[in-house]
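Heads up: the structure comes next, in structure tokens.
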Amino acid sequence: MKIGNVPYRSVWVDQDDGWSVHIFDQTRLPWALDVLRLTERDQVAQAIRTMQVRGAPLIGAVAAYGLALALRVDASDAAMEHDAALLAETRPTAINLRWAIDRMLARLRPLPAEARVAAAYDEAGRICDEDVAQNEAIGRHGLSLIQDIATRRGAGATVNILTHCNAGWIATVDWGTALAPIYMAHDSGLKVHVWVDETRPRNQGAALTAWELGSHGVPHTVVVDNAGGHLMQHGAVDLVIVGTDRVTRGGDVANKIGTYLKALAAHDNGVPFWVALPSTTIDWSVTDGLTEIPIEERAGAEVTSVTGQTADGRIETVQVTPPGSGAANPAFDVTPARLVTGLITERGLCAASQAGLAELFPDHARA
Ligand SMILES: CSC[C@@H](O)[C@@H](O)C(=O)COP(=O)(O)O
């Protein structure tokens, strides 16, 4: 996607040195557009843990490059297995991270040590290119949902879409998942307006989704996380589209904390609730999302404080709770498949069910 008029991906290899890896520091957005140059494994691990990079597909892609950086130092079997395990453990919920590392190992294990660095960069590049293509396809399939609503509503009507967290281009290598259909709808001339959940505690909606949509000229309004139910009761939401960090073989959906409450409100108000995902987000080994998907517990300090920009331009973090109050911070929740209208994948739309996924992905479903 473009910033100003310059096209960017969310991760790229330095064109001059051919090996260092660049990302945007997402903890500084929307106030500053800082590019970080990553040169070693531990920098990559730290960037993922501290959420300088975040979003399920993007952390997989960046971890893949993290392994390439590690192999530059030591490409032996023992070192590679150790580095891969370390990177895979940086965040627990998004399955794309484990998927990307497993795919890298499958390519690299059979190779002699001296061939591994070049192969690692090649494979990480393929992971990135495939993510872009998958998200673009998700956009095309999701666009049909928005077109249908626009047609039903009649000429000139605005389609109001609610989204939670950030599942835009900055959460993937490019395009995004939940936001890809919205970008395509906007680009095709449909009138869309997006309700952006602020997404406490880290405000990925208020900071990142609002920044992305604004940069692309998509009309949007930021709302507090608790506003969604009210908006739906008053007919202000035509459609919910969210991303996801892990989908079970039966269609349960893990996503940013608060997604489940939006699904409940959507169900109660007859609002379609769609989840956009590349197939790399499906965990075919998991059947019951509630008991089998690990939910990341992050530091309470993310709840007790907020970060923003002061009037004189400084980025500051301030405490919003009394000093003695404890805080719990489960970072994700699971929305049962029965509350999901359907899934938007690179292969098309399907029901959030074992049968629906099996129809689109017969090879995986049989395995
Ligand atoms: C295309 S990104 C899909 C999900 O990763 C996204 O909705 C989300 O929950 C991100 O969580 P985060 O904790 O910001 O990494």
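Every chain in the structure tokens has a letter given in the order shown (A, B, ...), and although residue numbers restart at 1 in each chain, ligands are simply numbered from 1 in the order shown.
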Quiz item: Once you count only C-alpha atoms and all ligand atoms, which residues end up within 8 Å of ligand 1, and could you hand them over as number ranges by chain?
Solution: A: 51, 53-59, 94, 164-169, 171-172, 176-178, 202, 204, 242-245, 254-257, 276-277, 331-332
Quiz item: Which polymer residues have any atom within 10 Å of an atom of Gly125 in chain A, counting only C-alpha atoms, with same-chain residues fewer than 4 positions away left out, as a list in words?
Solution: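 Residues meeting the cut-off are Val11, Trp12, Val13, Ala61, Ala64, Tyr65, Ala119, Ala120, Tyr121, Asp129, Glu130 and Asp131 of chain A.
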Would you write out those residues with C-alpha atoms, as a PDB file, in the first residue's frame?
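Output below, filename result30.pdb:
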ATOM      1  CA  VAL A  11       8.618  -5.896   5.846  1.00  0.00           C
ATOM      2  CA  TRP A  12      11.409  -5.744   3.270  1.00  0.00           C
ATOM      3  CA  VAL A  13      15.044  -6.651   2.762  1.00  0.00           C
ATOM      4  CA  ALA A  61       6.904 -13.285   7.788  1.00  0.00           C
ATOM      5  CA  ALA A  64      11.041 -16.160   8.820  1.00  0.00           C
ATOM      6  CA  TYR A  65      13.539 -13.378   8.105  1.00  0.00           C
ATOM      7  CA  ALA A 119      17.596 -20.646   0.839  1.00  0.00           C
ATOM      8  CA  ALA A 120      16.263 -18.977   4.001  1.00  0.00           C
ATOM      9  CA  TYR A 121      16.050 -15.561   2.331  1.00  0.00           C
ATOM     10  CA  ASP A 129       4.846 -12.861  -1.796  1.00  0.00           C
ATOM     11  CA  GLU A 130       2.269 -15.543  -1.090  1.00  0.00           C
ATOM     12  CA  ASP A 131       0.834 -13.526   1.799  1.00  0.00           C
TER      13      ASP A 131
END
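Note that CA of Val44 in chain A and CA of Ala70 in chain A are 9.7 Å apart.
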Practice problem: Counting only C-alpha atoms, figure out which residue out of A:Val253, A:Val173, A:Ala263, A:Leu343 gets nearest to Val286 in chain A. | Solution: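 Checking each of A:Val253, A:Val173, A:Ala263, A:Leu343 against Val286 in chain A, counting only C-alpha atoms, the winner is A:Val253.
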Practice problem: Find the residues around Ala47 in chain A up to 10 Å (only C-alpha atoms counted), leave out those fewer than 3 positions away in its own chain, and share them as a list in words. | Solution: Ile23, Asp25, Gln26, Thr27, Leu36, Leu38, Arg41, Asp42, Gln43, Val44, Thr50, Met51, Gln52, Val53, Arg54, Ile59, Val62, Ala63 and Thr90 of chain A
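Using only C-alpha atoms, the residues found no farther than 10 Å from Leu105 in chain A, other than those of its own chain fewer than 4 positions away, are A:Ala64, A:Leu67, A:Met80, A:Glu81, A:Ala84, A:Trp99, A:Ala100, A:Ile101, A:Arg109, A:Pro110, A:Leu111, A:Ala120, A:Glu123.
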Residues of the last selection are to be written out with N, CA, C and O atoms, as a compact mmCIF listing (two decimals), in the first residue's frame.
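This is the output file again.txt:
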# COMPACT_ATOMS: atom_id res chain seq x y z
N ALA A 64 10.33 -15.41 9.87
CA ALA A 64 11.04 -16.16 8.82
C ALA A 64 12.35 -15.45 8.48
O ALA A 64 13.42 -16.07 8.36
N LEU A 67 14.94 -15.94 11.17
CA LEU A 67 15.71 -17.19 11.08
C LEU A 67 16.83 -17.03 10.05
O LEU A 67 17.95 -17.51 10.26
N MET A 80 20.29 -23.88 14.23
CA MET A 80 19.05 -23.59 13.50
C MET A 80 17.81 -24.02 14.30
O MET A 80 16.83 -23.27 14.41
N GLU A 81 17.87 -25.21 14.90
CA GLU A 81 16.73 -25.70 15.68
C GLU A 81 16.49 -24.80 16.89
O GLU A 81 15.36 -24.47 17.24
N ALA A 84 15.08 -21.39 15.71
CA ALA A 84 13.70 -21.55 15.26
C ALA A 84 12.75 -21.64 16.46
O ALA A 84 11.70 -20.99 16.49
N TRP A 99 3.56 -21.62 11.88
CA TRP A 99 3.47 -22.10 10.50
C TRP A 99 4.68 -21.65 9.67
O TRP A 99 5.28 -22.43 8.94
N ALA A 100 5.04 -20.38 9.81
CA ALA A 100 6.15 -19.84 9.01
C ALA A 100 7.47 -20.50 9.41
O ALA A 100 8.29 -20.86 8.54
N ILE A 101 7.67 -20.68 10.71
CA ILE A 101 8.92 -21.31 11.17
C ILE A 101 8.97 -22.76 10.71
O ILE A 101 10.01 -23.25 10.23
N ARG A 109 16.05 -27.90 6.56
CA ARG A 109 16.64 -29.09 7.21
C ARG A 109 17.39 -29.99 6.23
O ARG A 109 18.48 -30.46 6.55
N PRO A 110 16.85 -30.26 5.03
CA PRO A 110 17.56 -31.19 4.14
C PRO A 110 18.84 -30.60 3.54
O PRO A 110 19.61 -31.34 2.93
N LEU A 111 19.06 -29.29 3.68
CA LEU A 111 20.18 -28.64 2.98
C LEU A 111 21.45 -28.69 3.82
O LEU A 111 21.40 -28.67 5.05
N ALA A 120 17.14 -19.59 2.98
CA ALA A 120 16.26 -18.98 4.00
C ALA A 120 15.70 -17.64 3.49
O ALA A 120 14.50 -17.36 3.64
N GLU A 123 13.10 -18.46 0.86
CA GLU A 123 11.83 -18.97 1.40
C GLU A 123 11.05 -17.86 2.12
O GLU A 123 9.83 -17.77 1.99
Quiz prompt | Minimum-distance residue to His193 in chain A, chosen among A:Leu213, A:Val334, A:Val303, A:Ala351 (using only C-alpha atoms) | solution =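 For His193 in chain A, the nearest of the candidates is A:Leu213.
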Quiz item: Using only C-alpha atoms, which residues sit within 9 Å of Ala207 in chain A once same-chain residues fewer than 4 positions away are excluded, as an NGL selection string?
Solution: :A and (29-31 or 166 or 198 or 202-203 or 211-212)
Requested write-out: all heavy atoms of the selected residues, as a PDB file, in the first residue's frame:
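After the write, out03.pdb holds the following:
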ATOM      1  N   LEU A  29       3.463   4.370  15.665  1.00  0.00           N
ATOM      2  CA  LEU A  29       2.374   4.850  14.809  1.00  0.00           C
ATOM      3  C   LEU A  29       1.166   5.198  15.664  1.00  0.00           C
ATOM      4  O   LEU A  29       0.939   4.550  16.687  1.00  0.00           O
ATOM      5  CB  LEU A  29       1.984   3.768  13.789  1.00  0.00           C
ATOM      6  CG  LEU A  29       2.941   3.590  12.611  1.00  0.00           C
ATOM      7  CD1 LEU A  29       2.612   2.307  11.840  1.00  0.00           C
ATOM      8  CD2 LEU A  29       2.854   4.790  11.668  1.00  0.00           C
ATOM      9  N   PRO A  30       0.365   6.161  15.306  1.00  0.00           N
ATOM     10  CA  PRO A  30       0.381   6.960  14.084  1.00  0.00           C
ATOM     11  C   PRO A  30       1.196   8.238  14.203  1.00  0.00           C
ATOM     12  O   PRO A  30       1.181   9.057  13.281  1.00  0.00           O
ATOM     13  CB  PRO A  30      -1.101   7.317  13.921  1.00  0.00           C
ATOM     14  CG  PRO A  30      -1.558   7.522  15.337  1.00  0.00           C
ATOM     15  CD  PRO A  30      -0.802   6.487  16.151  1.00  0.00           C
ATOM     16  N   TRP A  31       1.911   8.397  15.315  1.00  0.00           N
ATOM     17  CA  TRP A  31       2.546   9.695  15.552  1.00  0.00           C
ATOM     18  C   TRP A  31       3.846   9.852  14.787  1.00  0.00           C
ATOM     19  O   TRP A  31       4.263  10.944  14.444  1.00  0.00           O
ATOM     20  CB  TRP A  31       2.776   9.878  17.058  1.00  0.00           C
ATOM     21  CG  TRP A  31       1.559   9.531  17.840  1.00  0.00           C
ATOM     22  CD1 TRP A  31       0.398  10.253  17.916  1.00  0.00           C
ATOM     23  CD2 TRP A  31       1.346   8.340  18.597  1.00  0.00           C
ATOM     24  NE1 TRP A  31      -0.519   9.581  18.681  1.00  0.00           N
ATOM     25  CE2 TRP A  31       0.027   8.421  19.119  1.00  0.00           C
ATOM     26  CE3 TRP A  31       2.119   7.219  18.905  1.00  0.00           C
ATOM     27  CZ2 TRP A  31      -0.515   7.414  19.921  1.00  0.00           C
ATOM     28  CZ3 TRP A  31       1.584   6.230  19.694  1.00  0.00           C
ATOM     29  CH2 TRP A  31       0.285   6.330  20.194  1.00  0.00           C
ATOM     30  N   ASN A 166      -6.579  -4.265  14.439  1.00  0.00           N
ATOM     31  CA  ASN A 166      -6.058  -3.883  13.123  1.00  0.00           C
ATOM     32  C   ASN A 166      -5.722  -5.126  12.335  1.00  0.00           C
ATOM     33  O   ASN A 166      -4.829  -5.899  12.714  1.00  0.00           O
ATOM     34  CB  ASN A 166      -4.801  -3.015  13.237  1.00  0.00           C
ATOM     35  CG  ASN A 166      -4.133  -2.829  11.884  1.00  0.00           C
ATOM     36  OD1 ASN A 166      -3.180  -3.533  11.542  1.00  0.00           O
ATOM     37  ND2 ASN A 166      -4.648  -1.912  11.074  1.00  0.00           N
ATOM     38  N   GLU A 198     -11.676   1.175  19.058  1.00  0.00           N
ATOM     39  CA  GLU A 198     -10.363   1.659  19.499  1.00  0.00           C
ATOM     40  C   GLU A 198      -9.412   0.506  19.867  1.00  0.00           C
ATOM     41  O   GLU A 198      -8.233   0.551  19.629  1.00  0.00           O
ATOM     42  CB  GLU A 198     -10.499   2.618  20.678  1.00  0.00           C
ATOM     43  CG  GLU A 198     -11.116   1.987  21.904  1.00  0.00           C
ATOM     44  CD  GLU A 198     -11.109   2.919  23.126  1.00  0.00           C
ATOM     45  OE1 GLU A 198     -10.425   3.948  23.112  1.00  0.00           O
ATOM     46  OE2 GLU A 198     -11.788   2.581  24.100  1.00  0.00           O
ATOM     47  N   ARG A 202      -4.183  -1.832  23.747  1.00  0.00           N
ATOM     48  CA  ARG A 202      -3.084  -1.232  22.986  1.00  0.00           C
ATOM     49  C   ARG A 202      -3.554  -0.323  21.854  1.00  0.00           C
ATOM     50  O   ARG A 202      -2.740   0.245  21.128  1.00  0.00           O
ATOM     51  CB  ARG A 202      -2.151  -2.323  22.456  1.00  0.00           C
ATOM     52  CG  ARG A 202      -1.359  -3.014  23.567  1.00  0.00           C
ATOM     53  CD  ARG A 202      -0.351  -3.967  23.017  1.00  0.00           C
ATOM     54  NE  ARG A 202       0.692  -3.295  22.276  1.00  0.00           N
ATOM     55  CZ  ARG A 202       1.954  -3.145  22.697  1.00  0.00           C
ATOM     56  NH1 ARG A 202       2.308  -3.633  23.857  1.00  0.00           N
ATOM     57  NH2 ARG A 202       2.840  -2.520  21.960  1.00  0.00           N
ATOM     58  N   ASN A 203      -4.882  -0.240  21.726  1.00  0.00           N
ATOM     59  CA  ASN A 203      -5.435   0.735  20.773  1.00  0.00           C
ATOM     60  C   ASN A 203      -5.008   0.527  19.318  1.00  0.00           C
ATOM     61  O   ASN A 203      -4.799   1.491  18.569  1.00  0.00           O
ATOM     62  CB  ASN A 203      -5.090   2.165  21.203  1.00  0.00           C
ATOM     63  CG  ASN A 203      -5.918   2.597  22.388  1.00  0.00           C
ATOM     64  OD1 ASN A 203      -7.049   2.141  22.566  1.00  0.00           O
ATOM     65  ND2 ASN A 203      -5.365   3.454  23.228  1.00  0.00           N
ATOM     66  N   TRP A 211      -5.195   5.129  11.197  1.00  0.00           N
ATOM     67  CA  TRP A 211      -4.099   5.691  10.392  1.00  0.00           C
ATOM     68  C   TRP A 211      -4.113   5.130   8.974  1.00  0.00           C
ATOM     69  O   TRP A 211      -4.008   5.873   7.987  1.00  0.00           O
ATOM     70  CB  TRP A 211      -2.763   5.385  11.079  1.00  0.00           C
ATOM     71  CG  TRP A 211      -1.567   5.741  10.255  1.00  0.00           C
ATOM     72  CD1 TRP A 211      -1.075   6.991   9.999  1.00  0.00           C
ATOM     73  CD2 TRP A 211      -0.716   4.820   9.554  1.00  0.00           C
ATOM     74  NE1 TRP A 211       0.033   6.908   9.186  1.00  0.00           N
ATOM     75  CE2 TRP A 211       0.279   5.595   8.907  1.00  0.00           C
ATOM     76  CE3 TRP A 211      -0.681   3.434   9.418  1.00  0.00           C
ATOM     77  CZ2 TRP A 211       1.281   5.015   8.129  1.00  0.00           C
ATOM     78  CZ3 TRP A 211       0.314   2.858   8.652  1.00  0.00           C
ATOM     79  CH2 TRP A 211       1.287   3.643   8.018  1.00  0.00           C
ATOM     80  N   GLU A 212      -4.272   3.804   8.885  1.00  0.00           N
ATOM     81  CA  GLU A 212      -4.304   3.175   7.549  1.00  0.00           C
ATOM     82  C   GLU A 212      -5.459   3.714   6.705  1.00  0.00           C
ATOM     83  O   GLU A 212      -5.285   4.090   5.548  1.00  0.00           O
ATOM     84  CB  GLU A 212      -4.520   1.664   7.681  1.00  0.00           C
ATOM     85  CG  GLU A 212      -3.292   0.861   7.916  1.00  0.00           C
ATOM     86  CD  GLU A 212      -3.558  -0.624   7.633  1.00  0.00           C
ATOM     87  OE1 GLU A 212      -4.382  -0.949   6.768  1.00  0.00           O
ATOM     88  OE2 GLU A 212      -2.934  -1.444   8.291  1.00  0.00           O
TER      89      GLU A 212
END
Self-check item: Nearest candidate to Gln319 in chain A (options A:Asp333, A:Glu302, A:Asp77, A:Asp34; using only C-alpha atoms)
Solution: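 Result for the nearest residue to Gln319 in chain A: A:Glu302.
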